[in-house]
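Undergrad: Take a look at this one; I'll ask things after.
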Amino acid sequence: MMIKKAIIIVAILGMLDAIYLTIIKFTDNKALCIQGIGDCWSVNNSRYSEWNGIPISLFGILAYMSIIVILTSQNKFKFFTNFGSIFVFGIALSGFLFSIYLTYLQFAVIKAVCPFCIISAITMMTVFILSLINLTKEQRESILE
């Protein structure tokens, strides 16, 4: 249970970070980027910051929200009780792999680093690791039953 709480806490932090990036994107307010720490503005205004006109940060919000909803609903809905951990793992794996790609783009293509994007990558990596530990623990427990 502690692992699930940790995942929820980290997912909330990741969601808040993604919300902040979305606010920067929609308000087009350069002052919201911390000056002197990376280049949030260049990354958030690059062609890679959107997919079909949708800010990438909105997908982050959706991923983190989904993880939070699934984990907080696991004891309320049988479907989530049975499959919630695998869904959380799948979302976290997808988010982690996409974060690796986006981090690569920052360093290799855009040649600018957004500290808020790095925070999001770290939170998604943490959620992924915790969800892997949780899934492994649940699988082990179900075998022992």
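Here's how to read the names in the structure tokens: chain A, B, ... by the order shown, residue numbers from 1 in each chain, ligand numbers from 1 in the order shown.
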Just the residues within 10 Å of segment 106-110 of chain A, please, counting only C-alpha atoms, with nothing from its chain fewer than 6 positions along; format it as an NGL selection string.
TA: :A and (39-40 or 42-43 or 46-48 or 100 or 117-118)
Undergrad: Contacts of Ile67 of chain A at 9 Å or less, counting only C-alpha atoms, minus same-chain residues fewer than 4 places along, as a PyMOL selection string?
TA: chain A and resi 7-8+11+62-63+71-72+84+87-89+91-92
